[in-house]
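**Q** Data: data.json, JSON, N, CA and C atoms.
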[["chain", "number", "residue", "atom", "x", "y", "z"],
["I", 179, "MET", "N", -107.65, -247.48, -166.94],
["I", 179, "MET", "CA", -108.73, -248.14, -166.23],
["I", 179, "MET", "C", -108.64, -247.81, -164.75],
["I", 180, "ASN", "N", -109.78, -247.74, -164.10],
["I", 180, "ASN", "CA", -109.77, -247.40, -162.68],
["I", 180, "ASN", "C", -109.83, -248.63, -161.78],
["I", 181, "LYS", "N", -109.81, -249.82, -162.35],
["I", 181, "LYS", "CA", -109.76, -251.10, -161.62],
["I", 181, "LYS", "C", -110.92, -251.27, -160.63],
["I", 182, "THR", "N", -112.09, -250.83, -161.02],
["I", 182, "THR", "CA", -113.28, -251.01, -160.19],
["I", 182, "THR", "C", -113.65, -252.49, -160.15],
["I", 183, "PRO", "N", -113.80, -253.09, -158.98],
["I", 183, "PRO", "CA", -114.21, -254.48, -158.91],
["I", 183, "PRO", "C", -115.61, -254.67, -159.49],
["I", 184, "MET", "N", -115.79, -255.73, -160.29],
["I", 184, "MET", "CA", -117.07, -256.00, -160.94],
["I", 184, "MET", "C", -117.35, -257.48, -160.98],
["I", 185, "THR", "N", -118.61, -257.80, -161.20],
["I", 185, "THR", "CA", -119.03, -259.16, -161.54],
["I", 185, "THR", "C", -119.91, -259.06, -162.77],
["I", 186, "ILE", "N", -120.02, -260.16, -163.50],
["I", 186, "ILE", "CA", -120.91, -260.23, -164.65],
["I", 186, "ILE", "C", -122.05, -261.18, -164.28],
["I", 187, "LEU", "N", -123.25, -260.69, -164.40],
["I", 187, "LEU", "CA", -124.43, -261.49, -164.08],
["I", 187, "LEU", "C", -125.23, -261.75, -165.35],
["I", 188, "ARG", "N", -125.82, -262.92, -165.44],
["I", 188, "ARG", "CA", -126.74, -263.20, -166.52],
["I", 188, "ARG", "C", -128.13, -263.32, -165.88],
["I", 189, "LEU", "N", -128.98, -262.36, -166.16],
["I", 189, "LEU", "CA", -130.30, -262.33, -165.57],
["I", 189, "LEU", "C", -131.31, -262.93, -166.53],
["I", 190, "ASN", "N", -132.01, -263.93, -166.07],
["I", 190, "ASN", "CA", -133.13, -264.47, -166.83],
["I", 190, "ASN", "C", -134.32, -263.54, -166.64],
["I", 191, "TYR", "N", -135.41, -263.85, -167.28],
["I", 191, "TYR", "CA", -136.61, -263.02, -167.16],
["I", 191, "TYR", "C", -137.06, -263.03, -165.71],
["I", 192, "ALA", "N", -137.01, -261.88, -165.06],
["I", 192, "ALA", "CA", -137.44, -261.79, -163.66],
["I", 192, "ALA", "C", -138.90, -261.37, -163.62],
["I", 193, "CYS", "N", -139.66, -262.02, -162.78],
["I", 193, "CYS", "CA", -141.08, -261.68, -162.70],
["I", 193, "CYS", "C", -141.44, -261.29, -161.27],
["I", 194, "GLU", "N", -142.49, -260.56, -161.18],
["I", 194, "GLU", "CA", -143.03, -260.07, -159.93],
["I", 194, "GLU", "C", -144.53, -260.18, -160.06],
["I", 195, "LEU", "N", -145.27, -260.25, -158.98],
["I", 195, "LEU", "CA", -146.71, -260.45, -159.07],
["I", 195, "LEU", "C", -147.47, -259.21, -159.57],
["I", 196, "ARG", "N", -146.78, -258.08, -159.73],
["I", 196, "ARG", "CA", -147.44, -256.88, -160.27],
["I", 196, "ARG", "C", -147.27, -256.76, -161.77],
["I", 197, "TYR", "N", -146.31, -257.48, -162.36],
["I", 197, "TYR", "CA", -146.04, -257.39, -163.80],
["I", 197, "TYR", "C", -145.31, -258.64, -164.24],
["I", 198, "GLY", "N", -145.13, -258.80, -165.52],
["I", 198, "GLY", "CA", -144.37, -259.93, -166.04],
["I", 198, "GLY", "C", -145.25, -261.01, -166.65],
["I", 199, "VAL", "N", -144.63, -262.12, -166.98],
["I", 199, "VAL", "CA", -145.30, -263.21, -167.69],
["I", 199, "VAL", "C", -146.50, -263.74, -166.93],
["I", 200, "LEU", "N", -146.36, -263.94, -165.64],
["I", 200, "LEU", "CA", -147.48, -264.46, -164.86],
["I", 200, "LEU", "C", -148.70, -263.55, -164.94],
["I", 201, "VAL", "N", -148.48, -262.25, -164.85],
["I", 201, "VAL", "CA", -149.58, -261.29, -164.94],
["I", 201, "VAL", "C", -150.15, -261.29, -166.34],
["I", 202, "ASP", "N", -149.29, -261.34, -167.36],
["I", 202, "ASP", "CA", -149.77, -261.37, -168.75],
["I", 202, "ASP", "C", -150.69, -262.57, -168.99],
["I", 203, "VAL", "N", -150.28, -263.74, -168.54],
["I", 203, "VAL", "CA", -151.09, -264.95, -168.71],
["I", 203, "VAL", "C", -152.39, -264.82, -167.92],
["I", 204, "ALA", "N", -152.31, -264.38, -166.67],
["I", 204, "ALA", "CA", -153.50, -264.25, -165.83],
["I", 204, "ALA", "C", -154.50, -263.26, -166.43],
["I", 205, "GLN", "N", -154.02, -262.17, -166.98],
["I", 205, "GLN", "CA", -154.92, -261.18, -167.57],
["I", 205, "GLN", "C", -155.62, -261.75, -168.80],
["I", 206, "ARG", "N", -154.89, -262.52, -169.62],
["I", 206, "ARG", "CA", -155.51, -263.13, -170.80],
["I", 206, "ARG", "C", -156.57, -264.15, -170.39],
["I", 207, "VAL", "N", -156.25, -264.96, -169.40],
["I", 207, "VAL", "CA", -157.21, -265.97, -168.92],
["I", 207, "VAL", "C", -158.43, -265.27, -168.34],
["I", 208, "ASN", "N", -158.22, -264.25, -167.53],
["I", 208, "ASN", "CA", -159.32, -263.51, -166.91],
["I", 208, "ASN", "C", -160.22, -262.86, -167.95],
["I", 209, "ALA", "N", -159.62, -262.38, -169.04],
["I", 209, "ALA", "CA", -160.39, -261.71, -170.10],
["I", 209, "ALA", "C", -161.04, -262.72, -171.05],
["I", 210, "GLY", "N", -160.73, -264.01, -170.88],
["I", 210, "GLY", "CA", -161.30, -265.02, -171.77],
["I", 210, "GLY", "C", -160.59, -265.14, -173.10],
["I", 211, "HIS", "N", -159.40, -264.58, -173.21],
["I", 211, "HIS", "CA", -158.61, -264.66, -174.44],
["I", 211, "HIS", "C", -157.75, -265.92, -174.43],
["I", 212, "PRO", "N", -157.48, -266.49, -175.59],
["I", 212, "PRO", "CA", -156.62, -267.67, -175.62],
["I", 212, "PRO", "C", -155.18, -267.33, -175.25],
["I", 213, "VAL", "N", -154.50, -268.29, -174.67],
["I", 213, "VAL", "CA", -153.09, -268.15, -174.31],
["I", 213, "VAL", "C", -152.28, -268.98, -175.28],
["I", 214, "SER", "N", -151.37, -268.34, -175.99],
["I", 214, "SER", "CA", -150.54, -269.05, -176.96],
["I", 214, "SER", "C", -149.61, -270.02, -176.25],
["I", 215, "LEU", "N", -149.56, -271.22, -176.77],
["I", 215, "LEU", "CA", -148.64, -272.24, -176.24],
["I", 215, "LEU", "C", -147.49, -272.50, -177.21],
["I", 216, "SER", "N", -147.24, -271.55, -178.12],
["I", 216, "SER", "CA", -146.21, -271.74, -179.14],
["I", 216, "SER", "C", -144.80, -271.80, -178.55],
["I", 217, "MET", "N", -144.58, -271.13, -177.43],
["I", 217, "MET", "CA", -143.29, -271.24, -176.75],
["I", 217, "MET", "C", -143.51, -272.19, -175.57],
["I", 218, "GLY", "N", -142.89, -273.34, -175.64],
["I", 218, "GLY", "CA", -143.15, -274.38, -174.65],
["I", 218, "GLY", "C", -142.43, -274.22, -173.34],
["I", 219, "TYR", "N", -141.48, -273.27, -173.25],
["I", 219, "TYR", "CA", -140.68, -273.14, -172.04],
["I", 219, "TYR", "C", -140.54, -271.69, -171.65],
["I", 220, "LEU", "N", -140.33, -271.46, -170.38],
["I", 220, "LEU", "CA", -140.08, -270.12, -169.86],
["I", 220, "LEU", "C", -138.99, -270.23, -168.80],
["I", 221, "ASN", "N", -137.94, -269.47, -168.96],
["I", 221, "ASN", "CA", -136.86, -269.43, -168.00],
["I", 221, "ASN", "C", -137.03, -268.15, -167.19],
["I", 222, "THR", "N", -137.40, -268.28, -165.93],
["I", 222, "THR", "CA", -137.72, -267.09, -165.14],
["I", 222, "THR", "C", -137.21, -267.24, -163.71],
["I", 223, "ILE", "N", -137.16, -266.15, -163.02],
["I", 223, "ILE", "CA", -136.76, -266.12, -161.62],
["I", 223, "ILE", "C", -137.58, -265.02, -160.94],
["I", 224, "TRP", "N", -137.91, -265.20, -159.68],
["I", 224, "TRP", "CA", -138.64, -264.15, -158.96],
["I", 224, "TRP", "C", -137.75, -262.92, -158.83],
["I", 225, "GLN", "N", -138.34, -261.75, -158.97],
["I", 225, "GLN", "CA", -137.59, -260.49, -158.92],
["I", 225, "GLN", "C", -136.83, -260.36, -157.60],
["I", 226, "ALA", "N", -137.43, -260.73, -156.49],
["I", 226, "ALA", "CA", -136.75, -260.62, -155.19],
["I", 226, "ALA", "C", -135.51, -261.50, -155.15],
["I", 227, "ASP", "N", -135.59, -262.70, -155.73],
["I", 227, "ASP", "CA", -134.42, -263.59, -155.77],
["I", 227, "ASP", "C", -133.33, -263.03, -156.67],
["I", 228, "ALA", "N", -133.72, -262.46, -157.80],
["I", 228, "ALA", "CA", -132.74, -261.86, -158.71],
["I", 228, "ALA", "C", -132.01, -260.70, -158.03],
["I", 229, "SER", "N", -132.76, -259.87, -157.30],
["I", 229, "SER", "CA", -132.14, -258.75, -156.60],
["I", 229, "SER", "C", -131.20, -259.24, -155.50],
["I", 230, "ALA", "N", -131.61, -260.27, -154.77],
["I", 230, "ALA", "CA", -130.77, -260.82, -153.70],
["I", 230, "ALA", "C", -129.48, -261.39, -154.28],
["I", 231, "MET", "N", -129.57, -262.10, -155.39],
["I", 231, "MET", "CA", -128.37, -262.68, -156.00],
["I", 231, "MET", "C", -127.44, -261.59, -156.52],
["I", 232, "ALA", "N", -128.00, -260.53, -157.07],
["I", 232, "ALA", "CA", -127.17, -259.42, -157.54],
["I", 232, "ALA", "C", -126.40, -258.79, -156.39],
["I", 233, "LEU", "N", -127.08, -258.60, -155.25],
["I", 233, "LEU", "CA", -126.40, -258.03, -154.09],
["I", 233, "LEU", "C", -125.34, -258.98, -153.53],
["I", 234, "GLU", "N", -125.65, -260.28, -153.50],
["I", 234, "GLU", "CA", -124.69, -261.27, -153.01],
["I", 234, "GLU", "C", -123.46, -261.35, -153.91],
["I", 235, "SER", "N", -123.63, -261.08, -155.20],
["I", 235, "SER", "CA", -122.50, -261.16, -156.13],
["I", 235, "SER", "C", -121.44, -260.11, -155.85],
["I", 236, "LEU", "N", -121.82, -259.04, -155.16],
["I", 236, "LEU", "CA", -120.84, -258.00, -154.85],
["I", 236, "LEU", "C", -119.68, -258.54, -154.01],
["I", 237, "ALA", "N", -119.93, -259.57, -153.22],
["I", 237, "ALA", "CA", -118.87, -260.17, -152.40],
["I", 237, "ALA", "C", -117.82, -260.86, -153.26],
["I", 238, "PHE", "N", -118.16, -261.17, -154.52],
["I", 238, "PHE", "CA", -117.25, -261.87, -155.42],
["I", 238, "PHE", "C", -116.66, -260.98, -156.49],
["I", 239, "ALA", "N", -116.89, -259.68, -156.38],
["I", 239, "ALA", "CA", -116.41, -258.75, -157.40],
["I", 239, "ALA", "C", -114.88, -258.71, -157.42],
["I", 240, "THR", "N", -114.32, -258.68, -158.61],
["I", 240, "THR", "CA", -112.87, -258.62, -158.79],
["I", 240, "THR", "C", -112.53, -257.65, -159.90],
["I", 241, "SER", "N", -111.28, -257.31, -159.96],
["I", 241, "SER", "CA", -110.77, -256.51, -161.08],
["I", 241, "SER", "C", -109.51, -257.20, -161.57],
["I", 242, "PRO", "N", -109.46, -257.64, -162.82],
["I", 242, "PRO", "CA", -110.54, -257.53, -163.80],
["I", 242, "PRO", "C", -111.73, -258.41, -163.44],
["I", 243, "ARG", "N", -112.85, -258.09, -164.05],
["I", 243, "ARG", "CA", -114.10, -258.80, -163.73],
["I", 243, "ARG", "C", -114.00, -260.28, -164.07],
["I", 244, "ARG", "N", -114.87, -261.06, -163.42],
["I", 244, "ARG", "CA", -114.92, -262.48, -163.74],
["I", 244, "ARG", "C", -116.36, -262.91, -163.96]]
Rewrite the structure from the file as structure tokens, please.
**A**
Amino acid sequence: MNKTPMTILRLNYACELRYGVLVDVAQRVNAGHPVSLSMGYLNTIWQADASAMALESLAFATSPRR
């Protein structure tokens, strides 16, 4: 092993205003199509926040990873 410092991140669904769940819903509403409510919850984070957290995690990188 080369003992590269690492972190493990768990990324939820990241969305951005150009793509993702918000755009999918908006496009369906705009087109007059029904929006399924079968999944009652959505776990999401803004793409910019996800990227910032990933970069901040580098300060906590260890070998072995944690």
**Q** Which of these residues is nearest to Ser241 of chain I, using only C-alpha atoms: I:Pro183, I:Gly218, I:Gly210, I:Gly198?
**A**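 Between I:Pro183, I:Gly218, I:Gly210, I:Gly198, the residue approaching Ser241 of chain I most closely is I:Pro183.
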**Q** Separation of atom C of Glu194 of chain I and atom C of Ala230 of chain I, in Å?
**A**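 About the pair atom C of Glu194 of chain I and atom C of Ala230 of chain I: they are 16.2 Å apart.
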**Q** Rounded to one decimal place, report the atom CA of Leu220 of chain I-atom N of Asp202 of chain I distance in Å.
**A**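 Atom-to-atom, atom CA of Leu220 of chain I to atom N of Asp202 of chain I, that is 13.0 Å.
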**Q** By how many Å are atom CA of Tyr197 of chain I and atom CA of Thr185 of chain I apart?
**A**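 So the answer is 27.2 Å.
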**Q** Counting all atoms listed in the file, which residue out of I:Ala192, I:Met184, I:Val201, I:Met217 sits closest to Ser235 of chain I?
**A**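 Closest to Ser235 of chain I of all the choices is I:Met184.
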**Q** Would you please work out which residue, of I:Ile186, I:Lys181, I:Leu200, I:Ile223, is nearest to Arg244 of chain I when using all atoms listed in the file?
**A**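 Closest residue, counting all atoms listed in the file: I:Ile186.
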**Q** List every residue of chain I that DSSP, applied to the backbone of this structure, places in helix (DSSP H, G or I), and write the result as a PDB file with N, CA and C atoms, keeping the file's coordinate frame.
**A**
ATOM      1  N   VAL I 199    -144.630-262.120-166.980  1.00  0.00           N
ATOM      2  CA  VAL I 199    -145.300-263.210-167.690  1.00  0.00           C
ATOM      3  C   VAL I 199    -146.500-263.740-166.930  1.00  0.00           C
ATOM      4  N   LEU I 200    -146.360-263.940-165.640  1.00  0.00           N
ATOM      5  CA  LEU I 200    -147.480-264.460-164.860  1.00  0.00           C
ATOM      6  C   LEU I 200    -148.700-263.550-164.940  1.00  0.00           C
ATOM      7  N   VAL I 201    -148.480-262.250-164.850  1.00  0.00           N
ATOM      8  CA  VAL I 201    -149.580-261.290-164.940  1.00  0.00           C
ATOM      9  C   VAL I 201    -150.150-261.290-166.340  1.00  0.00           C
ATOM     10  N   ASP I 202    -149.290-261.340-167.360  1.00  0.00           N
ATOM     11  CA  ASP I 202    -149.770-261.370-168.750  1.00  0.00           C
ATOM     12  C   ASP I 202    -150.690-262.570-168.990  1.00  0.00           C
ATOM     13  N   VAL I 203    -150.280-263.740-168.540  1.00  0.00           N
ATOM     14  CA  VAL I 203    -151.090-264.950-168.710  1.00  0.00           C
ATOM     15  C   VAL I 203    -152.390-264.820-167.920  1.00  0.00           C
ATOM     16  N   ALA I 204    -152.310-264.380-166.670  1.00  0.00           N
ATOM     17  CA  ALA I 204    -153.500-264.250-165.830  1.00  0.00           C
ATOM     18  C   ALA I 204    -154.500-263.260-166.430  1.00  0.00           C
ATOM     19  N   GLN I 205    -154.020-262.170-166.980  1.00  0.00           N
ATOM     20  CA  GLN I 205    -154.920-261.180-167.570  1.00  0.00           C
ATOM     21  C   GLN I 205    -155.620-261.750-168.800  1.00  0.00           C
ATOM     22  N   ARG I 206    -154.890-262.520-169.620  1.00  0.00           N
ATOM     23  CA  ARG I 206    -155.510-263.130-170.800  1.00  0.00           C
ATOM     24  C   ARG I 206    -156.570-264.150-170.390  1.00  0.00           C
ATOM     25  N   VAL I 207    -156.250-264.960-169.400  1.00  0.00           N
ATOM     26  CA  VAL I 207    -157.210-265.970-168.920  1.00  0.00           C
ATOM     27  C   VAL I 207    -158.430-265.270-168.340  1.00  0.00           C
ATOM     28  N   ASN I 208    -158.220-264.250-167.530  1.00  0.00           N
ATOM     29  CA  ASN I 208    -159.320-263.510-166.910  1.00  0.00           C
ATOM     30  C   ASN I 208    -160.220-262.860-167.950  1.00  0.00           C
ATOM     31  N   ALA I 209    -159.620-262.380-169.040  1.00  0.00           N
ATOM     32  CA  ALA I 209    -160.390-261.710-170.100  1.00  0.00           C
ATOM     33  C   ALA I 209    -161.040-262.720-171.050  1.00  0.00           C
ATOM     34  N   GLN I 225    -138.340-261.750-158.970  1.00  0.00           N
ATOM     35  CA  GLN I 225    -137.590-260.490-158.920  1.00  0.00           C
ATOM     36  C   GLN I 225    -136.830-260.360-157.600  1.00  0.00           C
ATOM     37  N   ALA I 226    -137.430-260.730-156.490  1.00  0.00           N
ATOM     38  CA  ALA I 226    -136.750-260.620-155.190  1.00  0.00           C
ATOM     39  C   ALA I 226    -135.510-261.500-155.150  1.00  0.00           C
ATOM     40  N   ASP I 227    -135.590-262.700-155.730  1.00  0.00           N
ATOM     41  CA  ASP I 227    -134.420-263.590-155.770  1.00  0.00           C
ATOM     42  C   ASP I 227    -133.330-263.030-156.670  1.00  0.00           C
ATOM     43  N   ALA I 228    -133.720-262.460-157.800  1.00  0.00           N
ATOM     44  CA  ALA I 228    -132.740-261.860-158.710  1.00  0.00           C
ATOM     45  C   ALA I 228    -132.010-260.700-158.030  1.00  0.00           C
ATOM     46  N   SER I 229    -132.760-259.870-157.300  1.00  0.00           N
ATOM     47  CA  SER I 229    -132.140-258.750-156.600  1.00  0.00           C
ATOM     48  C   SER I 229    -131.200-259.240-155.500  1.00  0.00           C
ATOM     49  N   ALA I 230    -131.610-260.270-154.770  1.00  0.00           N
ATOM     50  CA  ALA I 230    -130.770-260.820-153.700  1.00  0.00           C
ATOM     51  C   ALA I 230    -129.480-261.390-154.280  1.00  0.00           C
ATOM     52  N   MET I 231    -129.570-262.100-155.390  1.00  0.00           N
ATOM     53  CA  MET I 231    -128.370-262.680-156.000  1.00  0.00           C
ATOM     54  C   MET I 231    -127.440-261.590-156.520  1.00  0.00           C
ATOM     55  N   ALA I 232    -128.000-260.530-157.070  1.00  0.00           N
ATOM     56  CA  ALA I 232    -127.170-259.420-157.540  1.00  0.00           C
ATOM     57  C   ALA I 232    -126.400-258.790-156.390  1.00  0.00           C
ATOM     58  N   LEU I 233    -127.080-258.600-155.250  1.00  0.00           N
ATOM     59  CA  LEU I 233    -126.400-258.030-154.090  1.00  0.00           C
ATOM     60  C   LEU I 233    -125.340-258.980-153.530  1.00  0.00           C
ATOM     61  N   GLU I 234    -125.650-260.280-153.500  1.00  0.00           N
ATOM     62  CA  GLU I 234    -124.690-261.270-153.010  1.00  0.00           C
ATOM     63  C   GLU I 234    -123.460-261.350-153.910  1.00  0.00           C
ATOM     64  N   SER I 235    -123.630-261.080-155.200  1.00  0.00           N
ATOM     65  CA  SER I 235    -122.500-261.160-156.130  1.00  0.00           C
ATOM     66  C   SER I 235    -121.440-260.110-155.850  1.00  0.00           C
ATOM     67  N   LEU I 236    -121.820-259.040-155.160  1.00  0.00           N
ATOM     68  CA  LEU I 236    -120.840-258.000-154.850  1.00  0.00           C
ATOM     69  C   LEU I 236    -119.680-258.540-154.010  1.00  0.00           C
ATOM     70  N   ALA I 237    -119.930-259.570-153.220  1.00  0.00           N
ATOM     71  CA  ALA I 237    -118.870-260.170-152.400  1.00  0.00           C
ATOM     72  C   ALA I 237    -117.820-260.860-153.260  1.00  0.00           C
ATOM     73  N   PHE I 238    -118.160-261.170-154.520  1.00  0.00           N
ATOM     74  CA  PHE I 238    -117.250-261.870-155.420  1.00  0.00           C
ATOM     75  C   PHE I 238    -116.660-260.980-156.490  1.00  0.00           C
TER      76      PHE I 238
END
**Q** Taking all listed atoms of segment 201-212 of chain I, build the axis-aligned box, pad each of the six sides by 8 Å, then write its centre and edge lengths in Å to one decimal as AutoDock Vina command-line options.
**A**
--center_x -154.9 --center_y -264.4 --center_z -170.2 --size_x 28.8 --size_y 22.5 --size_z 26.8
**Q** For Leu189 of chain I, which of I:Ala209, I:Thr222, I:Ser216, I:Leu236 is the closest residue, counting only C-alpha atoms?
**A**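 Distance minimum relative to Leu189 of chain I lands on I:Thr222.
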**Q** Can you write chain I from the block above with C-alpha atoms, as a short mmCIF file (atom, residue, chain, number, x, y, z; two decimals), in the first residue's frame?
**A**
data_model
loop_
_atom_site.label_atom_id
_atom_site.label_comp_id
_atom_site.auth_asym_id
_atom_site.auth_seq_id
_atom_site.Cartn_x
_atom_site.Cartn_y
_atom_site.Cartn_z
CA MET I 179 0.00 0.00 0.00
CA ASN I 180 1.20 3.51 -0.69
CA LYS I 181 -0.50 5.00 2.42
CA THR I 182 -2.29 7.74 0.50
CA PRO I 183 -4.43 9.79 2.91
CA MET I 184 -8.15 9.39 2.15
CA THR I 185 -11.61 10.14 3.44
CA ILE I 186 -14.85 8.31 2.75
CA LEU I 187 -17.79 10.48 1.78
CA ARG I 188 -21.42 9.53 1.43
CA LEU I 189 -22.97 11.74 -1.20
CA ASN I 190 -26.72 12.11 -1.33
CA TYR I 191 -28.42 13.07 -4.57
CA ALA I 192 -26.81 16.37 -5.54
CA CYS I 193 -28.86 18.75 -7.62
CA GLU I 194 -28.11 21.82 -9.64
CA LEU I 195 -30.52 24.18 -11.37
CA ARG I 196 -29.44 22.90 -14.81
CA TYR I 197 -30.26 19.23 -14.10
CA GLY I 198 -31.53 16.89 -11.42
CA VAL I 199 -34.78 16.27 -9.59
CA LEU I 200 -35.84 19.92 -9.45
CA VAL I 201 -35.47 20.26 -13.22
CA ASP I 202 -37.25 16.94 -13.81
CA VAL I 203 -40.25 18.05 -11.73
CA ALA I 204 -40.29 21.54 -13.28
CA GLN I 205 -40.22 20.13 -16.82
CA ARG I 206 -43.13 17.78 -16.07
CA VAL I 207 -45.17 20.59 -14.53
CA ASN I 208 -44.35 22.92 -17.43
CA ALA I 209 -45.39 20.25 -19.95
CA GLY I 210 -48.66 19.62 -18.08
CA HIS I 211 -47.70 16.05 -17.19
CA PRO I 212 -48.59 14.59 -13.79
CA VAL I 213 -45.86 14.35 -11.16
CA SER I 214 -45.73 11.04 -9.33
CA LEU I 215 -45.99 11.35 -5.57
CA SER I 216 -45.22 7.65 -4.96
CA MET I 217 -41.90 8.49 -3.30
CA GLY I 218 -42.76 10.78 -0.42
CA TYR I 219 -39.22 11.89 0.42
CA LEU I 220 -36.12 13.15 -1.33
CA ASN I 221 -32.70 13.36 0.28
CA THR I 222 -30.72 15.94 -1.68
CA ILE I 223 -28.01 18.55 -1.39
CA TRP I 224 -27.04 21.43 -3.67
CA GLN I 225 -24.15 20.49 -5.97
CA ALA I 226 -22.08 23.49 -4.84
CA ASP I 227 -22.44 22.44 -1.19
CA ALA I 228 -21.50 18.84 -2.02
CA SER I 229 -18.38 20.03 -3.84
CA ALA I 230 -17.42 22.34 -0.97
CA MET I 231 -17.82 19.55 1.59
CA ALA I 232 -15.72 17.18 -0.53
CA LEU I 233 -12.92 19.75 -0.70
CA GLU I 234 -13.17 20.47 3.05
CA SER I 235 -12.91 16.74 3.79
CA LEU I 236 -9.36 16.73 2.42
CA ALA I 237 -8.24 18.41 5.66
CA PHE I 238 -9.38 15.28 7.54
CA ALA I 239 -7.81 12.69 5.24
CA THR I 240 -5.87 9.94 7.02
CA SER I 241 -4.14 6.70 6.23
CA PRO I 242 -5.72 4.31 6.79
CA ARG I 243 -8.90 6.06 5.72
CA ARG I 244 -11.63 6.93 8.18
#
